[in-house]
$ cat coords-v3.txt   # compact mmCIF, C-alpha atoms and all ligand atoms
# COMPACT_ATOMS: atom_id res chain seq x y z
CA MET I 86 -40.42 58.31 36.33
CA THR I 87 -40.09 59.35 32.67
CA GLY I 88 -38.55 62.80 32.47
CA ARG I 89 -37.47 62.74 36.15
CA VAL I 90 -33.75 63.39 36.63
CA CYS I 91 -32.36 61.34 39.53
CA VAL I 92 -28.84 61.73 40.93
CA VAL I 93 -27.47 58.69 42.82
CA THR I 94 -24.22 58.56 44.80
CA GLY I 95 -22.41 55.30 45.54
CA ALA I 96 -23.85 54.05 42.27
CA THR I 97 -21.07 51.69 41.22
CA ARG I 98 -22.02 48.72 43.41
CA GLY I 99 -24.21 47.41 46.19
CA ILE I 100 -27.47 49.15 47.05
CA GLY I 101 -26.70 52.22 44.90
CA ARG I 102 -26.06 50.11 41.78
CA ALA I 103 -29.39 48.29 42.29
CA THR I 104 -31.16 51.63 42.85
CA VAL I 105 -29.81 52.99 39.56
CA GLU I 106 -31.09 49.99 37.65
CA GLY I 107 -34.50 50.10 39.36
CA LEU I 108 -34.93 53.78 38.51
CA ALA I 109 -33.62 53.47 34.95
CA VAL I 110 -35.96 50.62 34.02
CA ARG I 111 -38.83 52.76 35.35
CA GLY I 112 -37.89 55.38 32.74
CA ALA I 113 -35.95 57.86 34.92
CA SER I 114 -32.96 59.78 33.56
CA VAL I 115 -30.31 58.70 36.03
CA VAL I 116 -27.07 60.50 36.78
CA LEU I 117 -24.46 58.31 38.46
CA ILE I 118 -21.92 59.85 40.78
CA ALA I 119 -18.91 57.56 40.55
CA ARG I 120 -15.47 57.86 42.10
CA ARG I 121 -13.84 56.38 38.96
CA SER I 122 -15.49 57.23 35.63
CA GLU I 123 -14.57 53.78 34.19
CA ASP I 124 -16.66 52.13 36.97
CA GLY I 125 -19.51 54.51 36.13
CA MET I 126 -19.23 53.68 32.42
CA LYS I 127 -19.36 49.95 33.16
CA VAL I 128 -22.58 50.39 35.18
CA SER I 129 -23.99 52.69 32.52
CA ARG I 130 -23.43 50.04 29.79
CA GLU I 131 -24.99 47.33 31.96
CA ILE I 132 -28.09 49.48 32.60
CA ALA I 133 -28.50 50.17 28.88
CA ARG I 134 -28.29 46.41 28.22
CA ALA I 135 -30.96 45.83 30.92
CA GLY I 136 -33.32 48.11 28.94
CA GLY I 137 -32.98 51.38 30.89
CA ALA I 138 -32.02 54.77 29.43
CA THR I 139 -28.21 55.10 29.46
CA PRO I 140 -27.28 56.93 32.68
CA ASP I 141 -25.15 60.06 32.62
CA ILE I 142 -21.94 59.94 34.69
CA VAL I 143 -20.34 62.57 36.88
CA SER I 144 -17.07 61.69 38.63
CA ALA I 145 -16.51 62.64 42.25
CA ASP I 146 -14.47 61.47 45.17
CA LEU I 147 -16.94 62.18 47.95
CA SER I 148 -14.18 62.27 50.54
CA SER I 149 -12.89 65.48 48.92
CA GLN I 150 -14.86 68.69 49.24
CA ALA I 151 -13.17 70.19 46.17
CA SER I 152 -14.25 67.15 44.17
CA ILE I 153 -17.85 67.49 45.41
CA GLN I 154 -17.84 71.20 44.49
CA HIS I 155 -16.53 70.34 41.03
CA ALA I 156 -19.15 67.62 40.50
CA ALA I 157 -21.96 69.93 41.64
CA ALA I 158 -20.82 72.60 39.17
CA GLU I 159 -20.76 70.03 36.37
CA LEU I 160 -24.24 68.80 37.35
CA LYS I 161 -25.53 72.38 37.35
CA GLN I 162 -24.33 72.89 33.81
CA ARG I 163 -25.73 69.62 32.47
CA HIS I 164 -28.96 69.41 34.50
CA PRO I 165 -30.45 72.78 35.54
CA ARG I 166 -33.47 70.93 36.98
CA LEU I 167 -33.20 67.92 39.28
CA HIS I 168 -36.08 65.85 40.67
CA VAL I 169 -34.42 63.31 42.98
CA LEU I 170 -31.12 63.30 44.88
CA ILE I 171 -30.18 60.00 46.54
CA ASN I 172 -27.30 60.33 49.00
CA ASN I 173 -26.26 56.70 49.33
CA ALA I 174 -22.44 56.35 49.20
CA GLY I 175 -21.09 55.09 52.48
CA ILE I 176 -18.02 53.50 54.04
CA ILE I 177 -16.71 51.84 57.18
CA THR I 178 -13.02 52.26 57.89
CA ARG I 179 -11.49 49.90 60.41
CA ASP I 180 -8.71 52.34 61.33
CA ARG I 181 -9.04 56.09 61.71
CA GLU I 182 -8.26 57.75 58.37
CA LEU I 183 -8.22 61.40 57.39
CA THR I 184 -9.47 62.88 54.12
CA VAL I 185 -7.53 65.38 51.99
CA ASP I 186 -9.46 68.03 53.96
CA GLY I 187 -8.12 66.61 57.24
CA ILE I 188 -11.49 65.22 58.38
CA GLU I 189 -12.14 61.74 59.79
CA LYS I 190 -13.18 59.76 56.74
CA GLN I 191 -16.45 58.14 57.85
CA PHE I 192 -17.78 61.47 59.10
CA ALA I 193 -16.69 63.10 55.82
CA VAL I 194 -18.11 60.54 53.36
CA ASN I 195 -21.13 59.34 55.33
CA HIS I 196 -22.33 62.72 56.60
CA LEU I 197 -20.52 65.80 55.26
CA ALA I 198 -20.78 64.64 51.63
CA TYR I 199 -24.59 64.26 52.04
CA PHE I 200 -24.72 67.72 53.61
CA LEU I 201 -22.54 69.47 51.05
CA LEU I 202 -24.00 67.86 47.93
CA SER I 203 -27.60 68.49 49.05
CA ASN I 204 -26.88 72.15 49.74
CA LEU I 205 -24.95 72.67 46.52
CA LEU I 206 -27.73 71.08 44.42
CA LEU I 207 -30.59 72.83 46.22
CA ASP I 208 -31.24 75.45 43.51
CA GLN I 209 -31.63 72.72 40.88
CA LEU I 210 -33.90 70.70 43.18
CA LEU I 211 -36.01 73.81 43.83
CA ALA I 212 -36.15 74.42 40.07
CA GLY I 213 -37.35 70.83 39.58
CA ALA I 214 -39.91 70.87 42.44
CA PRO I 215 -41.79 68.81 43.40
CA SER I 216 -38.53 67.06 44.08
CA ARG I 217 -37.15 64.65 46.66
CA ILE I 218 -33.94 64.18 48.65
CA ILE I 219 -33.38 60.68 50.04
CA ASN I 220 -30.64 59.98 52.57
CA VAL I 221 -29.59 56.37 53.10
CA SER I 222 -29.03 55.97 56.83
CA SER I 223 -28.97 52.73 58.83
CA GLY I 224 -30.51 50.93 61.78
CA ALA I 225 -26.95 51.18 63.15
CA HIS I 226 -27.82 54.74 64.22
CA ALA I 227 -29.73 53.26 67.18
CA GLY I 228 -27.66 53.51 70.34
CA ALA I 229 -25.37 56.16 68.82
CA THR I 230 -24.95 59.65 70.25
CA LEU I 231 -23.12 62.62 68.76
CA ASP I 232 -20.06 63.38 70.84
CA PHE I 233 -19.68 67.06 69.94
CA ASP I 234 -16.44 67.23 71.94
CA ASP I 235 -14.85 64.54 69.78
CA LEU I 236 -16.80 64.12 66.51
CA GLN I 237 -13.58 63.25 64.68
CA GLY I 238 -12.64 60.40 67.03
CA GLU I 239 -9.34 62.07 67.93
CA ARG I 240 -9.41 60.89 71.55
CA GLY I 241 -10.32 57.32 70.75
CA TYR I 242 -11.50 55.76 67.50
CA ASN I 243 -13.88 52.88 67.22
CA ALA I 244 -15.02 51.97 63.67
CA SER I 245 -18.58 50.91 64.47
CA LYS I 246 -19.07 53.80 66.92
CA ALA I 247 -17.94 56.26 64.22
CA TYR I 248 -20.23 54.55 61.70
CA GLY I 249 -23.25 54.65 64.04
CA GLN I 250 -22.57 58.31 64.75
CA SER I 251 -22.39 59.16 61.03
CA LYS I 252 -25.67 57.32 60.39
CA LEU I 253 -27.32 59.22 63.28
CA ALA I 254 -26.00 62.41 61.64
CA ASN I 255 -27.83 61.36 58.42
CA ILE I 256 -31.13 61.35 60.32
CA LEU I 257 -30.53 64.59 62.26
CA PHE I 258 -29.58 66.23 58.94
CA THR I 259 -32.70 64.83 57.21
CA TYR I 260 -35.06 66.15 59.88
CA GLU I 261 -33.34 69.56 60.01
CA LEU I 262 -33.28 69.97 56.22
CA ALA I 263 -36.97 68.93 56.04
CA ARG I 264 -37.81 71.68 58.57
CA ARG I 265 -35.81 74.23 56.57
CA LEU I 266 -37.41 73.22 53.25
CA HIS I 267 -40.99 73.06 54.55
CA GLY I 268 -43.36 74.50 51.93
CA THR I 269 -40.79 74.65 49.11
CA GLY I 270 -41.87 71.49 47.25
CA VAL I 271 -38.60 69.72 48.08
CA THR I 272 -39.16 66.80 50.48
CA VAL I 273 -36.42 65.06 52.49
CA ASN I 274 -36.61 61.55 53.93
CA CYS I 275 -34.19 58.91 55.14
CA LEU I 276 -34.25 55.16 55.54
CA HIS I 277 -32.70 51.94 56.73
CA PRO I 278 -32.26 49.65 53.70
CA GLY I 279 -32.05 46.41 55.73
CA VAL I 280 -29.03 44.20 56.33
CA ILE I 281 -27.73 43.77 52.81
CA GLY I 282 -24.91 41.57 51.51
CA THR I 283 -22.49 44.18 50.16
CA LYS I 284 -18.83 45.11 50.55
CA LEU I 285 -19.82 47.58 53.26
CA LEU I 286 -21.46 44.82 55.29
CA ALA I 287 -18.36 42.65 54.82
CA ASP I 288 -16.22 45.55 56.08
CA TYR I 289 -18.58 46.02 59.03
CA MET I 290 -18.43 42.35 59.96
CA GLY I 291 -14.73 42.03 59.17
CA VAL I 292 -15.25 39.21 56.63
CA PRO I 293 -13.72 38.97 53.14
CA VAL I 294 -15.90 39.49 50.04
CA ALA I 295 -15.93 36.28 48.00
CA GLY I 296 -17.99 36.63 44.85
CA GLY I 297 -21.70 36.14 45.46
CA ALA I 298 -21.07 34.15 48.64
CA LEU I 299 -21.45 37.20 50.84
CA ALA I 300 -25.02 37.92 49.76
CA SER I 301 -26.17 34.37 50.36
CA THR I 302 -24.36 34.06 53.69
CA PHE I 303 -25.08 37.45 55.20
CA GLY I 304 -27.97 39.72 54.49
CA ALA I 305 -30.51 40.29 51.76
CA SER I 306 -29.79 41.21 48.13
CA PRO I 307 -28.86 44.74 46.95
CA GLU I 308 -32.18 44.76 45.04
CA GLN I 309 -34.03 44.26 48.33
CA GLY I 310 -31.87 47.03 49.84
CA ALA I 311 -32.85 49.35 46.98
CA ASP I 312 -36.59 48.71 47.32
CA THR I 313 -37.42 51.40 49.91
CA ILE I 314 -35.13 53.91 48.18
CA ILE I 315 -36.91 53.39 44.84
CA PHE I 316 -40.26 53.59 46.64
CA LEU I 317 -39.30 56.94 48.22
CA ALA I 318 -37.98 58.23 44.89
CA SER I 319 -40.94 57.23 42.78
CA SER I 320 -44.15 56.47 44.66
CA ALA I 321 -47.15 58.81 44.66
CA GLU I 322 -47.88 57.46 48.16
CA VAL I 323 -45.08 59.62 49.59
CA GLU I 324 -45.81 62.76 47.56
CA GLY I 325 -45.46 65.66 50.03
CA VAL I 326 -44.22 63.42 52.88
CA SER I 327 -41.09 64.90 54.47
CA GLY I 328 -38.87 64.55 57.53
CA LYS I 329 -39.47 60.83 58.08
CA TYR I 330 -37.36 57.72 58.63
CA PHE I 331 -38.49 54.66 56.64
CA GLU I 332 -37.91 50.94 56.82
CA ARG I 333 -39.56 48.42 54.47
CA ARG I 334 -41.51 51.26 52.82
CA ARG I 335 -43.10 52.30 56.14
CA PRO I 336 -42.36 55.36 58.29
CA ARG I 337 -40.83 54.25 61.59
CA ARG I 338 -39.64 56.02 64.72
CA SER I 339 -35.90 56.51 64.73
CA SER I 340 -33.86 56.68 67.96
CA MET I 341 -34.73 59.24 70.63
CA GLU I 342 -31.41 61.06 69.99
CA SER I 343 -32.36 61.62 66.35
CA TYR I 344 -35.28 63.89 67.36
CA ASP I 345 -33.03 66.28 69.34
CA GLU I 346 -33.58 69.55 67.45
CA ALA I 347 -30.87 71.44 69.33
CA ALA I 348 -28.35 68.74 68.34
CA ALA I 349 -29.58 68.91 64.72
CA ARG I 350 -29.03 72.71 64.63
CA ARG I 351 -25.60 72.34 66.22
CA LEU I 352 -24.64 69.65 63.71
CA TRP I 353 -25.86 71.89 60.87
CA GLN I 354 -23.71 74.82 62.03
CA LEU I 355 -20.69 72.62 62.48
CA SER I 356 -21.22 71.03 59.05
CA GLU I 357 -21.50 74.49 57.48
CA GLN I 358 -18.20 75.46 59.06
CA GLN I 359 -16.45 72.23 58.06
CA THR I 360 -17.63 72.46 54.44
CA GLY I 361 -17.06 76.20 54.09
CA LEU I 362 -20.77 76.84 53.44
CA SER I 363 -21.22 79.32 56.28
CA SER I 364 -21.08 82.93 55.11
N1 LIG J 1 -25.18 46.91 53.45
C1 LIG J 1 -25.90 47.07 54.54
O1 LIG J 1 -26.24 46.09 55.25
C2 LIG J 1 -26.37 48.43 54.94
C3 LIG J 1 -27.19 48.55 56.08
C4 LIG J 1 -27.62 49.80 56.46
C5 LIG J 1 -27.25 50.92 55.73
N2 LIG J 1 -26.45 50.81 54.64
C6 LIG J 1 -26.10 52.04 53.91
O2 LIG J 1 -26.33 51.85 52.52
C7 LIG J 1 -25.47 52.71 51.76
C8 LIG J 1 -24.84 51.93 50.62
O3 LIG J 1 -24.04 50.90 51.17
P1 LIG J 1 -23.72 49.50 50.44
O4 LIG J 1 -23.97 48.46 51.46
O5 LIG J 1 -24.40 49.44 49.12
O6 LIG J 1 -22.13 49.66 50.27
P2 LIG J 1 -21.10 49.23 49.11
O7 LIG J 1 -21.59 48.08 48.32
O8 LIG J 1 -19.79 49.12 49.81
O9 LIG J 1 -21.11 50.51 48.14
C9 LIG J 1 -20.65 51.76 48.58
C10 LIG J 1 -20.68 52.73 47.42
O10 LIG J 1 -20.20 53.99 47.89
C11 LIG J 1 -19.17 54.44 47.02
N3 LIG J 1 -18.17 55.26 47.70
C12 LIG J 1 -17.49 54.98 48.85
N4 LIG J 1 -16.59 55.93 49.10
C13 LIG J 1 -16.69 56.85 48.10
C14 LIG J 1 -16.01 58.05 47.80
N5 LIG J 1 -15.03 58.53 48.57
N6 LIG J 1 -16.36 58.71 46.67
C15 LIG J 1 -17.33 58.23 45.86
N7 LIG J 1 -18.01 57.12 46.09
C16 LIG J 1 -17.69 56.41 47.20
C17 LIG J 1 -18.53 53.17 46.48
O11 LIG J 1 -17.81 53.49 45.31
P3 LIG J 1 -16.40 52.74 44.93
O12 LIG J 1 -16.85 51.56 44.13
O13 LIG J 1 -15.67 53.76 44.16
O14 LIG J 1 -15.73 52.39 46.24
C18 LIG J 1 -19.77 52.31 46.25
O15 LIG J 1 -20.39 52.65 45.03
C19 LIG J 1 -24.47 53.29 52.77
O16 LIG J 1 -24.84 54.62 53.07
C20 LIG J 1 -24.63 52.41 54.00
O17 LIG J 1 -24.33 53.10 55.20
C21 LIG J 1 -26.00 49.59 54.23

$ encode --input "coords-v3.txt" --output "structure tokens"
Amino acid sequence: MTGRVCVVTGATRGIGRATVEGLAVRGASVVLIARRSEDGMKVSREIARAGGATPDIVSADLSSQASIQHAAAELKQRHPRLHVLINNAGIITRDRELTVDGIEKQFAVNHLAYFLLSNLLLDQLLAGAPSRIINVSSGAHAGATLDFDDLQGERGYNASKAYGQSKLANILFTYELARRLHGTGVTVNCLHPGVIGTKLLADYMGVPVAGGALASTFGASPEQGADTIIFLASSAEVEGVSGKYFERRRPRRSSMESYDEAAARRLWQLSEQQTGLSS
């Protein structure tokens, strides 16, 4: 991975933090996207101590489209060529919350941020080709459907339903972007990292986070969660592979709904409108 520039969102803890370390010790130049720069600096110091190249830090609140635009502009200035973009940051909100842009928060952070950041960084990824986009989805997409009449949960909000829907959106977006980027040298894949003991899992299960107890009680370690992401970012085995859903380093079939191309195009158009990307 020496000389490969890898951008990772949700890099301050959990699966993203473990991904950063795994990539940095393999020689990659990692750029952390962190909501608070002090959290990013802490991770950056820890990675340097672990023997990896000191990661660069770009601050962004991924629930704010202005903040994403600002971070993308900063990234463009500092890194004109990118080789890997890992969209990983995710949330579960028990109650329905709105972002500064007036969008339901899980849909905004879990899907629209992936969509907007990938599109804004596309020129740099094309300049760095062969390059890879990796979207962290979840097995929780299974059983979800996109309710286009109420994507924002205005009529009735259910936290795990909204989460499942946003993770299905990750896969529909991955497959659609892979179709659009066919032949460009930029590949796009997504994955389920496993059931991993992180704050997000605690939020999902409604249990408090108590030091390391969570990881040993529920789920595998963040390092295990990062394994397939690092594989997709670095392995020659997946060179040229695009538009697939992975689990434990293997391509798997995702839910039937995730292969609905008409729904993927509709979601793309709607995402363009909601992020102001449509011309
Ligand atoms: N854990 C599991 O069992 C599991 C299973 C399947 C899929 N996943 C997926 O794996 C990914 C990572 O989850 P995790 O379990 O590692 O979660 P986590 O430990 O809770 O970490 C979430 C990361 O996202 C960042 N983030 C959240 N909201 C943000 C915002 N508005 N702006 C910037 N950064 C933000 C957090 O930063 P702060 O520190 O600033 O909050 C944190 O770094 C998610 O996409 C999730 O859906 C997880």

$ closest_residue --input "coords-v3.txt" --among "I:Gly112, I:Gly282, I:Gly228, I:Pro140" --to "I:Ser306" --atoms "all atoms listed in the file"
I:Gly282

$ closest_residue --input "coords-v3.txt" --among "I:Leu183, I:Ala229, I:Ala157, I:Val221" --to "ligand LIG 1 (chain J)" --atoms "only C-alpha atoms and all ligand atoms"
I:Val221

$ residues_near_ligand --input "coords-v3.txt" --ligand "ligand LIG 1 (chain J)" --cutoff "6 Å" --atoms "all atoms listed in the file" --output "PyMOL selection string"
chain I and resi 95-101+119-120+145-148+173-176+221-223+277-286

$ atom_distance --input "coords-v3.txt" --atom1 "atom CA of I:Ile256" --atom2 "atom CA of I:Gly125"
27.7 Å

$ residues_around --input "coords-v3.txt" --residues "I:Ala133" --least-positions-apart "2" --cutoff "12 Å" --atoms "all atoms listed in the file" --output "MDAnalysis selection string"
chainID I and resid 105:106 109:110 112 114:115 126:131 135:141

$ atom_distance --input "coords-v3.txt" --atom1 "atom CA of I:Leu362" --atom2 "atom CA of I:Thr230"
24.4 Å

$ closest_residue --input "coords-v3.txt" --among "I:Leu206, I:Ile219, I:Cys275, I:Leu266" --to "I:Arg338" --atoms "only C-alpha atoms"
I:Cys275

$ closest_residue --input "coords-v3.txt" --among "I:Arg166, I:Arg264, I:Arg179, I:Arg337" --to "I:Met290" --atoms "all atoms listed in the file"
I:Arg179

$ residues_around --input "coords-v3.txt" --residues "I:Phe258" --least-positions-apart "6" --cutoff "12 Å" --atoms "only C-alpha atoms" --output "tab-separated table (two decimals) with C-alpha atoms, in the coordinates of the input"
chain	number	residue	atom	x	y	z
I	172	ASN	CA	-27.30	60.33	49.00
I	195	ASN	CA	-21.13	59.34	55.33
I	196	HIS	CA	-22.33	62.72	56.60
I	197	LEU	CA	-20.52	65.80	55.26
I	198	ALA	CA	-20.78	64.64	51.63
I	199	TYR	CA	-24.59	64.26	52.04
I	200	PHE	CA	-24.72	67.72	53.61
I	201	LEU	CA	-22.54	69.47	51.05
I	203	SER	CA	-27.60	68.49	49.05
I	204	ASN	CA	-26.88	72.15	49.74
I	218	ILE	CA	-33.94	64.18	48.65
I	219	ILE	CA	-33.38	60.68	50.04
I	220	ASN	CA	-30.64	59.98	52.57
I	221	VAL	CA	-29.59	56.37	53.10
I	222	SER	CA	-29.03	55.97	56.83
I	251	SER	CA	-22.39	59.16	61.03
I	252	LYS	CA	-25.67	57.32	60.39
I	264	ARG	CA	-37.81	71.68	58.57
I	265	ARG	CA	-35.81	74.23	56.57
I	266	LEU	CA	-37.41	73.22	53.25
I	273	VAL	CA	-36.42	65.06	52.49
I	274	ASN	CA	-36.61	61.55	53.93
I	275	CYS	CA	-34.19	58.91	55.14
I	328	GLY	CA	-38.87	64.55	57.53
I	329	LYS	CA	-39.47	60.83	58.08
I	330	TYR	CA	-37.36	57.72	58.63
I	343	SER	CA	-32.36	61.62	66.35
I	344	TYR	CA	-35.28	63.89	67.36
I	345	ASP	CA	-33.03	66.28	69.34
I	346	GLU	CA	-33.58	69.55	67.45
I	347	ALA	CA	-30.87	71.44	69.33
I	348	ALA	CA	-28.35	68.74	68.34
I	349	ALA	CA	-29.58	68.91	64.72
I	350	ARG	CA	-29.03	72.71	64.63
I	351	ARG	CA	-25.60	72.34	66.22
I	352	LEU	CA	-24.64	69.65	63.71
I	353	TRP	CA	-25.86	71.89	60.87
I	354	GLN	CA	-23.71	74.82	62.03
I	355	LEU	CA	-20.69	72.62	62.48
I	356	SER	CA	-21.22	71.03	59.05
I	357	GLU	CA	-21.50	74.49	57.48

$ closest_residue --input "coords-v3.txt" --among "I:Tyr289, I:Arg240, I:Leu257, I:Leu276" --to "I:Ala311" --atoms "all atoms listed in the file"
I:Leu276

$ build_atoms --input "coords-v3.txt" --residues "stretch 235-244 of chain I" --atoms "all heavy atoms" --output "mmCIF file, keeping the file's coordinate frame"
data_model
loop_
_atom_site.group_PDB
_atom_site.id
_atom_site.type_symbol
_atom_site.label_atom_id
_atom_site.label_comp_id
_atom_site.auth_asym_id
_atom_site.auth_seq_id
_atom_site.Cartn_x
_atom_site.Cartn_y
_atom_site.Cartn_z
ATOM 1 N N ASP I 235 -15.842 65.372 70.486
ATOM 2 C CA ASP I 235 -14.850 64.540 69.780
ATOM 3 C C ASP I 235 -15.499 63.858 68.560
ATOM 4 O O ASP I 235 -15.428 62.645 68.396
ATOM 5 C CB ASP I 235 -14.295 63.477 70.748
ATOM 6 C CG ASP I 235 -13.091 62.756 70.155
ATOM 7 O OD1 ASP I 235 -12.408 63.345 69.290
ATOM 8 O OD2 ASP I 235 -12.850 61.593 70.531
ATOM 9 N N LEU I 236 -16.116 64.685 67.688
ATOM 10 C CA LEU I 236 -16.800 64.120 66.510
ATOM 11 C C LEU I 236 -15.835 63.431 65.550
ATOM 12 O O LEU I 236 -16.237 62.576 64.766
ATOM 13 C CB LEU I 236 -17.537 65.233 65.748
ATOM 14 C CG LEU I 236 -18.963 65.538 66.175
ATOM 15 C CD1 LEU I 236 -19.577 66.590 65.279
ATOM 16 C CD2 LEU I 236 -19.834 64.290 66.195
ATOM 17 N N GLN I 237 -14.562 63.816 65.614
ATOM 18 C CA GLN I 237 -13.580 63.250 64.680
ATOM 19 C C GLN I 237 -12.863 62.021 65.251
ATOM 20 O O GLN I 237 -11.925 61.523 64.644
ATOM 21 C CB GLN I 237 -12.508 64.299 64.337
ATOM 22 C CG GLN I 237 -13.042 65.629 63.872
ATOM 23 C CD GLN I 237 -13.609 65.547 62.473
ATOM 24 O OE1 GLN I 237 -13.165 64.750 61.661
ATOM 25 N NE2 GLN I 237 -14.610 66.359 62.192
ATOM 26 N N GLY I 238 -13.265 61.583 66.433
ATOM 27 C CA GLY I 238 -12.640 60.400 67.030
ATOM 28 C C GLY I 238 -11.162 60.581 67.307
ATOM 29 O O GLY I 238 -10.388 59.626 67.219
ATOM 30 N N GLU I 239 -10.776 61.816 67.687
ATOM 31 C CA GLU I 239 -9.340 62.070 67.930
ATOM 32 C C GLU I 239 -8.873 61.436 69.237
ATOM 33 O O GLU I 239 -7.749 60.992 69.362
ATOM 34 C CB GLU I 239 -9.068 63.580 67.970
ATOM 35 C CG GLU I 239 -8.992 64.183 66.589
ATOM 36 C CD GLU I 239 -9.100 65.694 66.604
ATOM 37 O OE1 GLU I 239 -10.158 66.208 67.018
ATOM 38 O OE2 GLU I 239 -8.128 66.346 66.203
ATOM 39 N N ARG I 240 -9.802 61.397 70.220
ATOM 40 C CA ARG I 240 -9.410 60.890 71.550
ATOM 41 C C ARG I 240 -9.426 59.373 71.606
ATOM 42 O O ARG I 240 -8.767 58.778 72.453
ATOM 43 C CB ARG I 240 -10.356 61.445 72.603
ATOM 44 C CG ARG I 240 -10.145 62.916 72.805
ATOM 45 C CD ARG I 240 -10.857 63.364 74.066
ATOM 46 N NE ARG I 240 -11.156 64.775 73.944
ATOM 47 C CZ ARG I 240 -12.251 65.362 74.384
ATOM 48 N NH1 ARG I 240 -13.183 64.648 74.994
ATOM 49 N NH2 ARG I 240 -12.438 66.640 74.230
ATOM 50 N N GLY I 241 -10.228 58.786 70.748
ATOM 51 C CA GLY I 241 -10.320 57.320 70.750
ATOM 52 C C GLY I 241 -11.218 56.944 69.584
ATOM 53 O O GLY I 241 -12.332 57.471 69.482
ATOM 54 N N TYR I 242 -10.720 56.097 68.699
ATOM 55 C CA TYR I 242 -11.500 55.760 67.500
ATOM 56 C C TYR I 242 -12.002 54.343 67.574
ATOM 57 O O TYR I 242 -11.253 53.416 67.873
ATOM 58 C CB TYR I 242 -10.627 55.952 66.245
ATOM 59 C CG TYR I 242 -11.343 55.599 64.960
ATOM 60 C CD1 TYR I 242 -12.234 56.490 64.374
ATOM 61 C CD2 TYR I 242 -11.126 54.372 64.337
ATOM 62 C CE1 TYR I 242 -12.893 56.175 63.195
ATOM 63 C CE2 TYR I 242 -11.773 54.055 63.155
ATOM 64 C CZ TYR I 242 -12.663 54.960 62.592
ATOM 65 O OH TYR I 242 -13.307 54.659 61.417
ATOM 66 N N ASN I 243 -13.296 54.204 67.290
ATOM 67 C CA ASN I 243 -13.880 52.880 67.220
ATOM 68 C C ASN I 243 -14.725 52.878 65.938
ATOM 69 O O ASN I 243 -15.599 53.727 65.766
ATOM 70 C CB ASN I 243 -14.760 52.659 68.464
ATOM 71 C CG ASN I 243 -15.567 51.383 68.367
ATOM 72 O OD1 ASN I 243 -16.446 51.252 67.524
ATOM 73 N ND2 ASN I 243 -15.273 50.443 69.234
ATOM 74 N N ALA I 244 -14.426 51.931 65.014
ATOM 75 C CA ALA I 244 -15.020 51.970 63.670
ATOM 76 C C ALA I 244 -16.547 51.933 63.720
ATOM 77 O O ALA I 244 -17.216 52.745 63.068
ATOM 78 C CB ALA I 244 -14.491 50.810 62.838
#
